[in-house]
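Trainee: Let me give you the structure first, and then I'll get to my questions.
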Amino acid sequence: MSKPVLIVGGGPAGLSAAHALASVGQSVVMVEKEDRLGGAPILSGYAKLIPSGEWARDAIGSMVARVEQNALVEARLNCQVNEFSGAPGKFQAQLSDGSKIEAGATILTTGFTHFDSINKPEWGFGTYDDVVTTTQVEQMISTGGGVRCPSDGRKPERVAILLCVGSRDRQIGREWCSKVCCTVSANLAMEIREELPDCHVYIYYMDIRTYGLYEDLYYWKSQEEFRVKYIKARIAEVTSDGQRLIVKGEDTLVKRPITIPFDMVVHAIGMDPNVDNMKLGAIFDVDLESHGHIGRGSNYSALATTSRAGVFVAGAATGPETIDDSISQGQAAAMAALATLNQNIGAA
Ligand SMILES: Cc1cc2nc3c(=O)[nH]c(=O)nc-3n(C[C@H](O)[C@H](O)[C@H](O)COP(=O)(O)OP(=O)(O)OC[C@H]3O[C@@H](n4cnc5c(N)ncnc54)[C@H](O)[C@@H]3O)c2cc1C
Ligand code: SF4
């Protein structure tokens, strides 16, 4: 019988890899550093997901349940890999809970870290209570509390959503586009309008990237059915006049300065490389790509490979990804891990 596959990270990508492997009879040890499985959608309390419209707790919750209920998957929570050695078919890992395990192959599904808006201080986060992030608004909606100004609990009458916070920003070393935040923000804007029909919602953007099939479902629908207003702008700063937040910038279509008051300002935060990636790169001896995500060995011929044979990668660990792409990549990595096990049957 082959050794288990070690999966590091229990988000959508890891859950999908674990399910795929278990469904063909392959045992898995899943190591997750937090106290729950589910990854960012569960740990950060996302509300309704794009593009399905399903609640994250139902959609990802069901992925968690089918893995937890599968006897072939052993989940180690509050746990990390401290040391890793060996070769395909005969890896050894020392876990932070003191145990040692053997694995035939490994899949890294360690995901991303949300951009910390404190690194964009001129846009008011950390200074004004009513400057919040998309994840905070997701939590307001998913916990049933509704969208409220944190400072005094009032219903906001005017909300600004600022796109590309911590993405496409060379000044702070984040050159990449985080891929999902335009669509997530258009979706949140519609949810705010649905809950608070009198609230005016503005989206400040550089470019809109509701790519693929999302254009009419989110960009046009949010304007035509939900009356969300879009302003193409370069934002200078978010301040306060003592009553309301003030967003200052330049409307880049008409090339004029604009100063607009709001009750709440939402940062559409991007997807940073996982803060653990330097450590993970060293422990697993895999290369990182230039931005600090885990590097892919190949984009075409050998999907899910890293720079080390027998160690695979999937999902947002490789860079900004959607949930459905992370799930597909998890399945591809499971297939690659199985092939490694088959090639190394009998490895001591
Ligand atoms: C605000 C926001 C909203 C979003 N909404 C949507 C949406 O509606 N639809 C959509 O398709 N996508 C959405 N996304 C993107 C979505 O979050 C990702 O596609 C998805 O979480 C990627 O899954 P993953 O399993 O690769 O990584 P993650 O979800 O990041 O999971 C990684 C897991 O690995 C664990 N881990 C990390 N480091 C270690 C370590 N060293 N040892 C052990 N475990 C570790 C983490 O605790 C976590 O459980 C959103 C992103 C943001 C920022
Ligand atoms: S998806 Fe949109 S908001 Fe997110 S980084 Fe790309 S352009 Fe900016």
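Just so we're on the same page: first chain in the structure tokens is A, next is B, and so on; residues restart at 1 for each chain, and ligands are numbered from 1 in the order they show up.
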Report the closest atom pair, with its distance in Å rounded to one decimal, for each residue of chain A that has an atom no farther than 6 Å from ligand 2; count only C-alpha atoms and all ligand atoms, sort by chain and then rising residue number, and write it as a Markdown table.

Mentor:
```
| residue | atom | partner | partner_atom_place_in_ligand_line | distance |
| --- | --- | --- | --- | --- |
| A:Leu163 | CA | ligand 2 | 3 (S) | 4.2 |
| A:Cys164 | CA | ligand 2 | 8 (Fe) | 3.6 |
| A:Ser167 | CA | ligand 2 | 5 (S) | 4.7 |
| A:Arg168 | CA | ligand 2 | 5 (S) | 5.9 |
| A:Cys177 | CA | ligand 2 | 5 (S) | 3.8 |
| A:Ser178 | CA | ligand 2 | 5 (S) | 4.2 |
| A:Lys179 | CA | ligand 2 | 1 (S) | 3.8 |
| A:Val180 | CA | ligand 2 | 1 (S) | 4.7 |
| A:Cys181 | CA | ligand 2 | 4 (Fe) | 3.9 |
| A:Cys182 | CA | ligand 2 | 2 (Fe) | 3.8 |
| A:Asp207 | CA | ligand 2 | 7 (S) | 5.6 |
| A:Ile208 | CA | ligand 2 | 2 (Fe) | 5.6 |
| A:Arg209 | CA | ligand 2 | 2 (Fe) | 4.9 |
```

Trainee: Counting only C-alpha atoms and all ligand atoms, which residues in chain A sit no more than 6 Å from ligand 1? For each one, give the nearest pair of atoms and the distance in Å, sorted by chain then residue number, as a tab-separated table.

Mentor:
```
residue	atom	partner	partner_atom_place_in_ligand_line	distance
A:Val8	CA	ligand 1	43 (C)	5.2
A:Gly9	CA	ligand 1	34 (O)	3.2
A:Gly10	CA	ligand 1	49 (O)	4.5
A:Gly11	CA	ligand 1	25 (O)	3.4
A:Pro12	CA	ligand 1	25 (O)	3.9
A:Ala13	CA	ligand 1	25 (O)	3.8
A:Gly14	CA	ligand 1	25 (O)	5.5
A:Val31	CA	ligand 1	43 (C)	5.5
A:Glu32	CA	ligand 1	44 (N)	3.9
A:Lys33	CA	ligand 1	43 (C)	4.0
A:Glu34	CA	ligand 1	47 (O)	5.1
A:Leu37	CA	ligand 1	49 (O)	5.8
A:Gly38	CA	ligand 1	49 (O)	5.7
A:Gly39	CA	ligand 1	49 (O)	3.3
A:Ala40	CA	ligand 1	29 (O)	3.8
A:Pro41	CA	ligand 1	17 (O)	5.6
A:Leu49	CA	ligand 1	8 (O)	3.3
A:Ile50	CA	ligand 1	8 (O)	3.9
A:Gln80	CA	ligand 1	42 (N)	4.5
A:Thr109	CA	ligand 1	26 (O)	5.5
A:Thr110	CA	ligand 1	34 (O)	3.6
A:Gly111	CA	ligand 1	27 (O)	3.3
A:Phe112	CA	ligand 1	30 (O)	4.5
A:His114	CA	ligand 1	53 (C)	5.7
A:Thr134	CA	ligand 1	1 (C)	5.1
A:Thr135	CA	ligand 1	1 (C)	4.8
A:Val180	CA	ligand 1	14 (N)	5.9
A:Val184	CA	ligand 1	5 (N)	5.7
A:Gly270	CA	ligand 1	53 (C)	5.5
A:Met271	CA	ligand 1	53 (C)	5.5
A:Asp276	CA	ligand 1	41 (N)	5.5
A:Gly315	CA	ligand 1	26 (O)	3.4
A:Ala316	CA	ligand 1	26 (O)	3.8
A:Ala317	CA	ligand 1	26 (O)	5.7
A:Glu321	CA	ligand 1	19 (O)	4.6
A:Thr322	CA	ligand 1	19 (O)	3.5
A:Ile323	CA	ligand 1	11 (O)	3.6
A:Asp324	CA	ligand 1	11 (O)	5.6
A:Ser326	CA	ligand 1	26 (O)	5.2
```

Trainee: Write out as a count of residues only the set of residues from range 156-223 of chain A that DSSP, computed on the backbone, places in strand (DSSP E).

Mentor: 14

Trainee: Give the answer as one residue: which of A:Ala189, A:Val81, A:Ala302, A:Leu95 has the shortest atom-to-atom distance to Val228 in chain A, using only C-alpha atoms?

Mentor: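 Checking each candidate against Val228 in chain A, we get A:Ala189 as the closest.
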
Trainee: Identify which of the residues A:Leu72, A:Ala186, A:Ala18, A:Ala333 lies closest to Lys221 in chain A, counting only C-alpha atoms when measuring atom-to-atom distances.

Mentor: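 The answer is A:Ala186, which sits nearest to Lys221 in chain A.
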
Trainee: Could you give me, as number ranges by chain, the residues within 10 Å of Lys229 in chain A, counting only C-alpha atoms and dropping anything in the same chain fewer than 3 positions from it?

Mentor: A: 160, 189, 200-204, 222-224, 226

Trainee: Go ahead and save the picked residues with C-alpha atoms, as a tab-separated table (two decimals), in the first residue's frame.

Mentor:
```
chain	number	residue	atom	x	y	z
A	160	ALA	CA	-17.45	54.38	-1.51
A	189	ALA	CA	-22.17	46.89	-3.98
A	200	HIS	CA	-25.76	55.49	-2.67
A	201	VAL	CA	-22.85	53.23	-3.59
A	202	TYR	CA	-19.88	54.47	-5.63
A	203	ILE	CA	-17.03	52.33	-6.97
A	204	TYR	CA	-13.74	54.16	-7.59
A	222	SER	CA	-24.67	46.54	-10.83
A	223	GLN	CA	-25.17	49.75	-12.83
A	224	GLU	CA	-28.38	49.00	-14.69
A	226	PHE	CA	-28.78	48.36	-8.82
```

Trainee: With only C-alpha atoms as the atoms that count, which of A:Ala47, A:Asp263, A:Gly89, A:Asp58 lies nearest to Asp152 in chain A?

Mentor: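 The closest residue to Asp152 in chain A is A:Asp263.
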
Trainee: Near Val131 in chain A, counting only C-alpha atoms, which residues have an atom at most 10 Å away, once you skip same-chain residues fewer than 2 positions from it, shown as a count of residues only?

Mentor: 25

Trainee: What residues in range 140-299 of chain A get the DSSP label alpha helix (DSSP H)? Please answer as an NGL selection string.

Mentor: :A and (140-142 or 181-195 or 214 or 221-224 or 277-284)

Trainee: Between CA of Phe115 in chain A and CA of Val132 in chain A, what distance in Å does the model show, to one decimal?

Mentor: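 Between CA of Phe115 in chain A and CA of Val132 in chain A the gap is 12.5 Å.
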